[in-house]
Amino acid sequence: MVLLTVRLPSRATLRQAMRRLGLSDEEVDLGYGLVLIDPGQDLYALRVTEAAVARIDPQADYGLYADPKIEPYGPPA
Amino acid sequence: MRVLIQLRPAPDVVAAVADPDVPTTTADVADDLPGVALDRSFVPVALPRPVPAAGGDPLSLSQATTFSLSAEHASVMLRGEISDDELSTRLSLLPALRSDIVGVHADPVIESSLTCGGDAPVGDWHDVERLMRVGDLRAEGLDGSGVALAVVDTGVNAAHIRQRTGREVTVDAGRSWNPDGVSGRPGEFRVDHGTMCAFDALISAPRASLIDLPVLLSRRPGGSAMDGLLSDAVAAFAHLRTVLAAQPEATRSLVISNSWGSFSPRWDFPVGHPGNYSDNAAHPFNLIVSSLEQAGADVLFAAGNCGRDCRDRRCAYPDRPISGANSHPRVLSVGGVDTSGARVGYSSQGPGRLTPRKPDVCSYTHFSGSWAFGVDQPDSGTSTACPVAAGLVAAIRTRWPASRLSPAQLRALLRRTADERGDLGFDYDYGYGVVNVARVLSSLRRQEARVA
């Protein structure tokens, strides 16, 4: 899955985001939900499948970002 | 970077340097070299020239050779330092500006052995208490009371810390947060990396309130190469923004300790791709870090364990391993030194990917502390150095909320007061140096007196 950002009205919900992007339940990490990144810009993030990204309307004004694995920095292996 | 400069000055100068009975100084050889801070304490050294037998190859040492210290043949070596920021420019310009410069060479630090992963502990946490001047901090009322200290890690086990220290540990369950799918109660997670980090943060701020965020326990669905956990850190930081926003602006203080990062570019989009994380300030996580810092949070990240001398075997960046938020301009990136003050060999070196001047400072690691990994195992990695520094920040925040000393000002204070390890204020091994609590306290006292 990848991380997607999208601008939505204030206090937006995951369902609103899914409607805007034309995504189904199977294409979205529902447990992760919709996360507000920057309240000043009404920028939100959600996790979607890579296959779904290819279908999203380019006019939807979204950003696609890496969601890399992160690990503890210790003890050094 | 420390350098050795090889010059061929006038023959009478060479002769004087080569003569052990004639005292010479750096100033006798060169008054000034542009962009080089000459080490005036270094006594110039005459370097002999290899002279092959008649007809021999002048560039080969694999033959019968004699060495000449005659004034016509020999050269002279001086020692100096070039700012890391200007290194490549200066190296190319110097021979053009000064025709007597024959070469500029690296002058690496020679150390008997740097502390590496797997080595025994160097000192214990009471040594760190002494080095961090915890008694002085306490005397000034700086013990972390009322300060929220978020540990973004594998979860905290407060009972283990209580047992190890004999002190009460405060976990703020109401403001703690679990990623979706992670069960467990704040302060009651299995003893692991997060417990080590919390223990180390509490050395300098024993009365801080821990906010437990077990982000590294998350296992999100996906299964592709791009699946990962940074998204959980995004969600955790979004939660912390609500914690910060709920605090009165005048007394706002939230310290966030992050002893984690991404070891490999293979989990990321390529550098230059608009969705890349490692080198892209516009990545959502890097944006949310900025927004939290802007709102008054102190964000600290471990520099990483990919130092050239003995890097973690998981390190996969070919160069510049301090990446993503670990190299963010609005965070304090923390490298590691052992309790003798020497850089641990695994502490990642700069330049950073989002901003070059990383790490910012170094703090203490590789000491016997939490025993989270066993009684004979040190608290190690820059994973330990970061919360040790975060504890200091939390202690300062006891009386200096963000409204009084902004996160940027506090970072500048820690950099400005650090014990330099280079001659020019900053280097890619130690950053601005090792945190110096005595100087931090002096500076805060002066600032307090000015305001009064």
# chains A, B, ... in the order shown; residues from 1 in each chain; ligands from 1
>>> select_by_dssp(residues="segment 4-73 of chain A", states="strand (DSSP E)", output="PyMOL selection string")
chain A and resi 4-7+35-38+43-48+62-65+71-72
>>> interface_residues(of="chain A", to="chain B", cutoff="7 Å", atoms="only C-alpha atoms", output="JSON, numbers by chain")
{"A": [1, 2, 3, 31, 32, 35, 36, 37, 38, 64, 65, 66, 67, 68, 69, 70, 71, 72, 73, 74, 75, 76, 77]}
>>> write_last_selection(atoms="C-alpha atoms", output="tab-separated table (two decimals), in the first residue's frame")
chain	number	residue	atom	x	y	z
A	1	MET	CA	0.00	0.00	0.00
A	2	VAL	CA	1.01	3.61	-0.45
A	3	LEU	CA	0.34	6.86	1.30
A	31	GLY	CA	-8.16	0.79	10.12
A	32	TYR	CA	-5.67	3.53	9.37
A	35	VAL	CA	-5.23	11.51	9.13
A	36	LEU	CA	-5.04	15.30	9.19
A	37	ILE	CA	-1.53	16.29	8.10
A	38	ASP	CA	-1.76	20.07	8.01
A	64	LEU	CA	1.32	9.85	-3.87
A	65	TYR	CA	4.06	9.18	-1.30
A	66	ALA	CA	6.33	6.39	-0.15
A	67	ASP	CA	5.43	4.62	3.10
A	68	PRO	CA	8.80	3.10	3.95
A	69	LYS	CA	9.53	0.54	6.61
A	70	ILE	CA	10.95	2.08	9.78
A	71	GLU	CA	13.03	0.31	12.40
A	72	PRO	CA	14.60	1.06	15.80
A	73	TYR	CA	18.12	2.48	15.76
A	74	GLY	CA	19.51	0.12	18.31
A	75	PRO	CA	21.17	-1.95	19.43
A	76	PRO	CA	23.47	-1.82	16.38
A	77	ALA	CA	23.43	-5.19	14.59
>>> residues_around(residues="Leu34 of chain A", least_positions_apart="5", cutoff="8 Å", atoms="only C-alpha atoms", output="ChimeraX atom specification")
/A:13-14,17,44-46
>>> residues_around(residues="Ala150 of chain B", least_positions_apart="6", cutoff="7 Å", atoms="only C-alpha atoms", output="PDB file with N, CA, C and O atoms, in the first residue's frame")
ATOM      1  N   LEU B 210       5.507  10.481  30.759  1.00  0.00           N
ATOM      2  CA  LEU B 210       5.738   9.763  29.503  1.00  0.00           C
ATOM      3  C   LEU B 210       4.439   9.598  28.721  1.00  0.00           C
ATOM      4  O   LEU B 210       3.411   9.193  29.280  1.00  0.00           O
ATOM      5  N   ILE B 211       4.503   9.915  27.458  1.00  0.00           N
ATOM      6  CA  ILE B 211       3.414   9.597  26.543  1.00  0.00           C
ATOM      7  C   ILE B 211       3.903   8.433  25.699  1.00  0.00           C
ATOM      8  O   ILE B 211       4.920   8.537  25.015  1.00  0.00           O
ATOM      9  N   ASP B 212       3.194   7.320  25.783  1.00  0.00           N
ATOM     10  CA  ASP B 212       3.654   6.068  25.181  1.00  0.00           C
ATOM     11  C   ASP B 212       3.005   5.894  23.803  1.00  0.00           C
ATOM     12  O   ASP B 212       1.778   5.798  23.690  1.00  0.00           O
ATOM     13  N   VAL B 255       7.926  17.217  24.283  1.00  0.00           N
ATOM     14  CA  VAL B 255       9.207  16.745  23.740  1.00  0.00           C
ATOM     15  C   VAL B 255       8.957  15.380  23.102  1.00  0.00           C
ATOM     16  O   VAL B 255       8.365  14.497  23.740  1.00  0.00           O
ATOM     17  N   ILE B 256       9.395  15.203  21.871  1.00  0.00           N
ATOM     18  CA  ILE B 256       9.122  13.950  21.151  1.00  0.00           C
ATOM     19  C   ILE B 256      10.443  13.284  20.795  1.00  0.00           C
ATOM     20  O   ILE B 256      11.248  13.833  20.026  1.00  0.00           O
ATOM     21  N   SER B 257      10.664  12.104  21.362  1.00  0.00           N
ATOM     22  CA  SER B 257      11.921  11.387  21.148  1.00  0.00           C
ATOM     23  C   SER B 257      11.700  10.257  20.142  1.00  0.00           C
ATOM     24  O   SER B 257      10.829   9.398  20.325  1.00  0.00           O
TER      25      SER B 257
END
>>> atom_distance(atom1="atom CA of Leu30 of chain A", atom2="atom CA of Ser10 of chain A")
19.7 Å
>>> residues_around(residues="Tyr432 of chain B", least_positions_apart="2", cutoff="9 Å", atoms="only C-alpha atoms", output="MDAnalysis selection string")
chainID B and resid 358:362 414:422 425:428 430 434:435
>>> residues_around(residues="segment 164-174 of chain B", least_positions_apart="6", cutoff="10 Å", atoms="only C-alpha atoms", output="ChimeraX atom specification")
/B:145,148-150,156-158,185-188,198-199,202-203,206-212,243,369-372
>>> closest_residue(among="B:Val29, B:Val375, B:Ala402, B:Leu114", to="Asp12 of chain B", atoms="only C-alpha atoms")
B:Val29
>>> residues_around(residues="segment 17-27 of chain B", least_positions_apart="5", cutoff="9 Å", atoms="only C-alpha atoms", output="list in words")
Asp12, Asp32, Leu38, Asp39, Arg40, Ser41, Phe42, Val43, Pro44, Val45, Ala46, Leu47, Leu69, Ser70, Ala71, Ala74, Val76, Leu78 and Arg79 of chain B
>>> closest_residue(among="A:Tyr62, A:Ile56, A:Val48, A:Leu4", to="Glu26 of chain A", atoms="only C-alpha atoms")
A:Val48
